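K.L.:
Here you go, upload-v1.cif (mmCIF, C-alpha atoms):
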data_start
loop_
_atom_site.group_PDB
_atom_site.id
_atom_site.type_symbol
_atom_site.label_atom_id
_atom_site.label_comp_id
_atom_site.auth_asym_id
_atom_site.auth_seq_id
_atom_site.Cartn_x
_atom_site.Cartn_y
_atom_site.Cartn_z
ATOM 1 C CA MET A 1 21.068 10.624 0.958
ATOM 2 C CA PRO A 2 19.163 7.585 2.309
ATOM 3 C CA LYS A 3 16.103 6.450 0.359
ATOM 4 C CA VAL A 4 13.300 4.304 1.794
ATOM 5 C CA CYS A 5 12.736 1.539 -0.773
ATOM 6 C CA VAL A 6 10.349 -0.935 0.924
ATOM 7 C CA ILE A 7 7.917 -0.925 3.836
ATOM 8 C CA GLN A 8 7.975 -4.358 5.474
ATOM 9 C CA ILE A 9 5.371 -5.758 7.869
ATOM 10 C CA ASN A 10 6.599 -8.863 9.695
ATOM 11 C CA VAL A 11 3.923 -11.522 10.162
ATOM 12 C CA SER A 12 4.026 -15.045 11.604
ATOM 13 C CA ASP A 13 1.227 -16.563 9.461
ATOM 14 C CA MET A 14 1.175 -15.473 5.833
ATOM 15 C CA ASP A 15 -2.331 -16.683 4.961
ATOM 16 C CA LYS A 16 -3.781 -15.013 8.053
ATOM 17 C CA ALA A 17 -1.836 -11.862 7.139
ATOM 18 C CA ILE A 18 -3.216 -11.826 3.597
ATOM 19 C CA ASP A 19 -6.730 -12.213 4.990
ATOM 20 C CA PHE A 20 -6.215 -9.411 7.519
ATOM 21 C CA TYR A 21 -4.481 -6.855 5.304
ATOM 22 C CA CYS A 22 -6.690 -7.514 2.256
ATOM 23 C CA ASN A 23 -10.130 -8.446 3.593
ATOM 24 C CA LYS A 24 -10.118 -6.245 6.695
ATOM 25 C CA ILE A 25 -7.795 -3.323 5.930
ATOM 26 C CA GLY A 26 -8.475 -3.133 2.191
ATOM 27 C CA PHE A 27 -5.149 -3.729 0.452
ATOM 28 C CA GLU A 28 -4.895 -6.095 -2.521
ATOM 29 C CA VAL A 29 -2.220 -8.666 -3.311
ATOM 30 C CA HIS A 30 0.088 -7.399 -6.043
ATOM 31 C CA SER A 31 2.379 -10.435 -6.229
ATOM 32 C CA LYS A 32 2.842 -13.832 -4.596
ATOM 33 C CA LYS A 33 6.072 -14.519 -6.503
ATOM 34 C CA TYR A 34 7.950 -15.297 -3.256
ATOM 35 C CA TYR A 35 5.006 -16.784 -1.321
ATOM 36 C CA PRO A 36 4.912 -18.071 1.419
ATOM 37 C CA ASN A 37 7.872 -15.964 2.582
ATOM 38 C CA ILE A 38 6.993 -12.636 0.962
ATOM 39 C CA VAL A 39 3.770 -11.193 -0.421
ATOM 40 C CA ASP A 40 3.777 -7.828 -2.172
ATOM 41 C CA LEU A 41 0.654 -5.734 -1.540
ATOM 42 C CA ALA A 42 -0.646 -3.294 -4.148
ATOM 43 C CA HIS A 43 0.297 0.161 -2.918
ATOM 44 C CA GLU A 44 0.927 3.499 -4.562
ATOM 45 C CA GLY A 45 4.542 4.570 -4.200
ATOM 46 C CA ILE A 46 6.944 2.629 -1.987
ATOM 47 C CA PRO A 47 6.407 -1.160 -2.108
ATOM 48 C CA LEU A 48 4.558 -2.617 0.893
ATOM 49 C CA ILE A 49 5.369 -6.238 1.690
ATOM 50 C CA LEU A 50 4.308 -8.881 4.176
ATOM 51 C CA TYR A 51 7.353 -10.839 5.364
ATOM 52 C CA LYS A 52 7.116 -14.210 7.141
ATOM 53 C CA VAL A 53 8.866 -14.481 10.520
ATOM 54 C CA ALA A 54 8.812 -17.173 13.201
ATOM 55 C CA LYS A 55 6.969 -15.439 16.040
ATOM 56 C CA PRO A 56 4.415 -12.669 16.591
ATOM 57 C CA THR A 57 5.265 -9.640 18.738
ATOM 58 C CA HIS A 58 3.519 -7.507 21.305
ATOM 59 C CA ILE A 59 4.248 -3.812 21.017
ATOM 60 C CA ASP A 60 3.629 -1.756 24.142
ATOM 61 C CA TYR A 61 1.952 1.036 22.204
ATOM 62 C CA PRO A 62 2.405 3.987 22.742
ATOM 63 C CA ASN A 63 4.929 3.561 25.559
ATOM 64 C CA ILE A 64 7.992 2.411 23.633
ATOM 65 C CA ALA A 65 9.916 3.669 20.631
ATOM 66 C CA GLN A 66 8.583 2.027 17.478
ATOM 67 C CA THR A 67 7.928 2.536 13.794
ATOM 68 C CA LEU A 68 4.291 2.952 12.784
ATOM 69 C CA ILE A 69 2.568 2.786 9.437
ATOM 70 C CA ASN A 70 -0.083 5.501 9.145
ATOM 71 C CA ILE A 71 -2.895 4.780 6.707
ATOM 72 C CA GLN A 72 -4.837 7.778 5.431
ATOM 73 C CA THR A 73 -8.635 7.823 5.542
ATOM 74 C CA ASP A 74 -11.121 10.533 4.589
ATOM 75 C CA ASP A 75 -13.614 9.461 7.297
ATOM 76 C CA LEU A 76 -11.972 8.074 10.432
ATOM 77 C CA GLU A 77 -15.208 7.414 12.328
ATOM 78 C CA SER A 78 -16.613 5.355 9.440
ATOM 79 C CA SER A 79 -13.312 3.486 9.041
ATOM 80 C CA LEU A 80 -13.288 2.621 12.748
ATOM 81 C CA LYS A 81 -16.852 1.279 12.584
ATOM 82 C CA ASP A 82 -15.904 -0.838 9.560
ATOM 83 C CA LEU A 83 -12.778 -2.251 11.233
ATOM 84 C CA LYS A 84 -14.670 -2.984 14.454
ATOM 85 C CA SER A 85 -17.388 -4.845 12.499
ATOM 86 C CA LYS A 86 -14.630 -6.981 10.929
ATOM 87 C CA GLY A 87 -13.167 -7.887 14.330
ATOM 88 C CA VAL A 88 -10.026 -5.755 14.123
ATOM 89 C CA GLU A 89 -8.485 -5.044 17.541
ATOM 90 C CA LEU A 90 -8.861 -1.292 17.984
ATOM 91 C CA ILE A 91 -6.569 0.432 20.457
ATOM 92 C CA HIS A 92 -8.650 3.602 20.104
ATOM 93 C CA GLU A 93 -12.400 3.148 19.614
ATOM 94 C CA THR A 94 -12.837 6.882 18.922
ATOM 95 C CA PRO A 95 -10.755 9.446 17.006
ATOM 96 C CA GLN A 96 -7.854 10.962 18.946
ATOM 97 C CA ASP A 97 -6.674 14.523 18.336
ATOM 98 C CA CYS A 98 -3.230 15.140 16.903
ATOM 99 C CA PRO A 99 -1.599 18.262 15.432
ATOM 100 C CA VAL A 100 -2.572 17.427 11.823
ATOM 101 C CA GLY A 101 -6.066 15.996 12.391
ATOM 102 C CA VAL A 102 -7.364 12.883 14.136
ATOM 103 C CA TYR A 103 -6.036 9.342 14.363
ATOM 104 C CA ALA A 104 -6.771 5.951 15.896
ATOM 105 C CA ALA A 105 -4.494 2.961 16.387
ATOM 106 C CA PHE A 106 -5.214 -0.715 15.769
ATOM 107 C CA ARG A 107 -3.287 -3.953 16.213
ATOM 108 C CA ASP A 108 -2.882 -6.679 13.593
ATOM 109 C CA PRO A 109 -3.103 -10.387 14.545
ATOM 110 C CA PHE A 110 0.691 -10.499 14.917
ATOM 111 C CA GLY A 111 1.041 -7.650 17.428
ATOM 112 C CA ASN A 112 2.034 -4.916 14.947
ATOM 113 C CA VAL A 113 0.433 -1.529 15.605
ATOM 114 C CA HIS A 114 -0.668 0.834 12.828
ATOM 115 C CA GLU A 115 -2.651 4.051 12.821
ATOM 116 C CA LEU A 116 -5.443 5.408 10.674
ATOM 117 C CA ILE A 117 -5.237 9.163 10.182
ATOM 118 C CA GLU A 118 -7.704 11.726 8.891
ATOM 119 C CA PHE A 119 -6.010 15.013 8.028
ATOM 120 C CA ARG A 120 -7.720 18.331 8.713
ATOM 121 C CA ALA A 121 -8.858 20.233 5.636
#
So, in terms of structure tokens, how does the structure I just supplied come out?
P.N.:
Amino acid sequence: MPKVCVIQINVSDMDKAIDFYCNKIGFEVHSKKYYPNIVDLAHEGIPLILYKVAKPTHIDYPNIAQTLINIQTDDLESSLKDLKSKGVELIHETPQDCPVGVYAAFRDPFGNVHELIEFRA
């Protein structure tokens, strides 16, 4: 049976990525052992890494097939206000309904799209 062992986010500027994912999203650096090519972010469970690539991307969200990272929050509206105040590019400025709760998408400086999700009680 397949087993997911790493979640990898491709980024074209490692220092900018560390700033974005740590200072704006809230992760912490776990290891810079392979910096500047790989930075391991502190994350419960499956390792989450930033991986240096040559060029950014632009994902035509939500119109194409893609893989998304969903980040859980207990208060989506508050999280959106916080991200907006930090200059994060929000795709959704307000919570969007989904079968399990509400979500909102945002784009990182490299074109990757992720979603915040607040599950219903």
K.L.:
I'd like the interatomic distance between CA of Glu28 in chain A and CA of Val4 in chain A, to a tenth of an Å.
P.N.:
21.4 Å
K.L.:
List the residues matched by the PyMOL selection byres ((chain A and resi 70-79) around 8) in the displayed structure as a ChimeraX atom specification, ordered by chain and then by residue number.
P.N.:
/A:68-69,80-83,94-95,102-104,114-119
K.L.:
Would you mind listing what lies within 10 Å of Ile46 in chain A as a ChimeraX atom specification, with only C-alpha atoms counted and same-chain residues fewer than 5 positions away left out?
P.N.:
/A:4-7
K.L.:
Evaluate the PyMOL selection byres ((chain A and resi 48-55) around 6) on the structure here and hand back the selected residues as number ranges by chain.
P.N.:
A: 7-12, 37-41, 47, 56
K.L.:
What's the separation between CA of Lys84 in chain A and CA of Phe106 in chain A, in Å to one decimal place?
P.N.:
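According to the coordinates, CA of Lys84 in chain A and CA of Phe106 in chain A are separated by 9.8 Å.
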K.L.:
Ranking A:Cys22, A:Ile59, A:Ala65, A:Cys98 by minimum distance to His43 in chain A and counting only C-alpha atoms, which one comes first?
P.N.:
A:Cys22
K.L.:
So the first atom is CA of His58 in chain A and the second is CA of Phe110 in chain A; what is the distance between them in Å, to one decimal place?
P.N.:
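That distance, rounded to one decimal, is 7.6 Å.
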K.L.:
Point out the residue among A:Asp60, A:Glu44, A:Asp15, A:Glu89 with the least atom-to-atom distance to Pro109 in chain A, counting all atoms listed in the file.
P.N.:
A:Glu89
K.L.:
Take every atom of range 87-92 of chain A listed in the file, fit an axis-aligned box around them, add 6 Å per side, and give the centre and edge lengths in Å to one decimal as JSON.
P.N.:
{"center_x": -9.9, "center_y": -2.1, "center_z": 17.3, "size_x": 18.6, "size_y": 23.5, "size_z": 18.3}
K.L.:
So which one's closest to Asp19 in chain A, A:Arg107, A:His92, A:Lys86, A:Lys3? Using all atoms listed in the file, please.
P.N.:
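Closest residue, counting all atoms listed in the file: A:Lys86.
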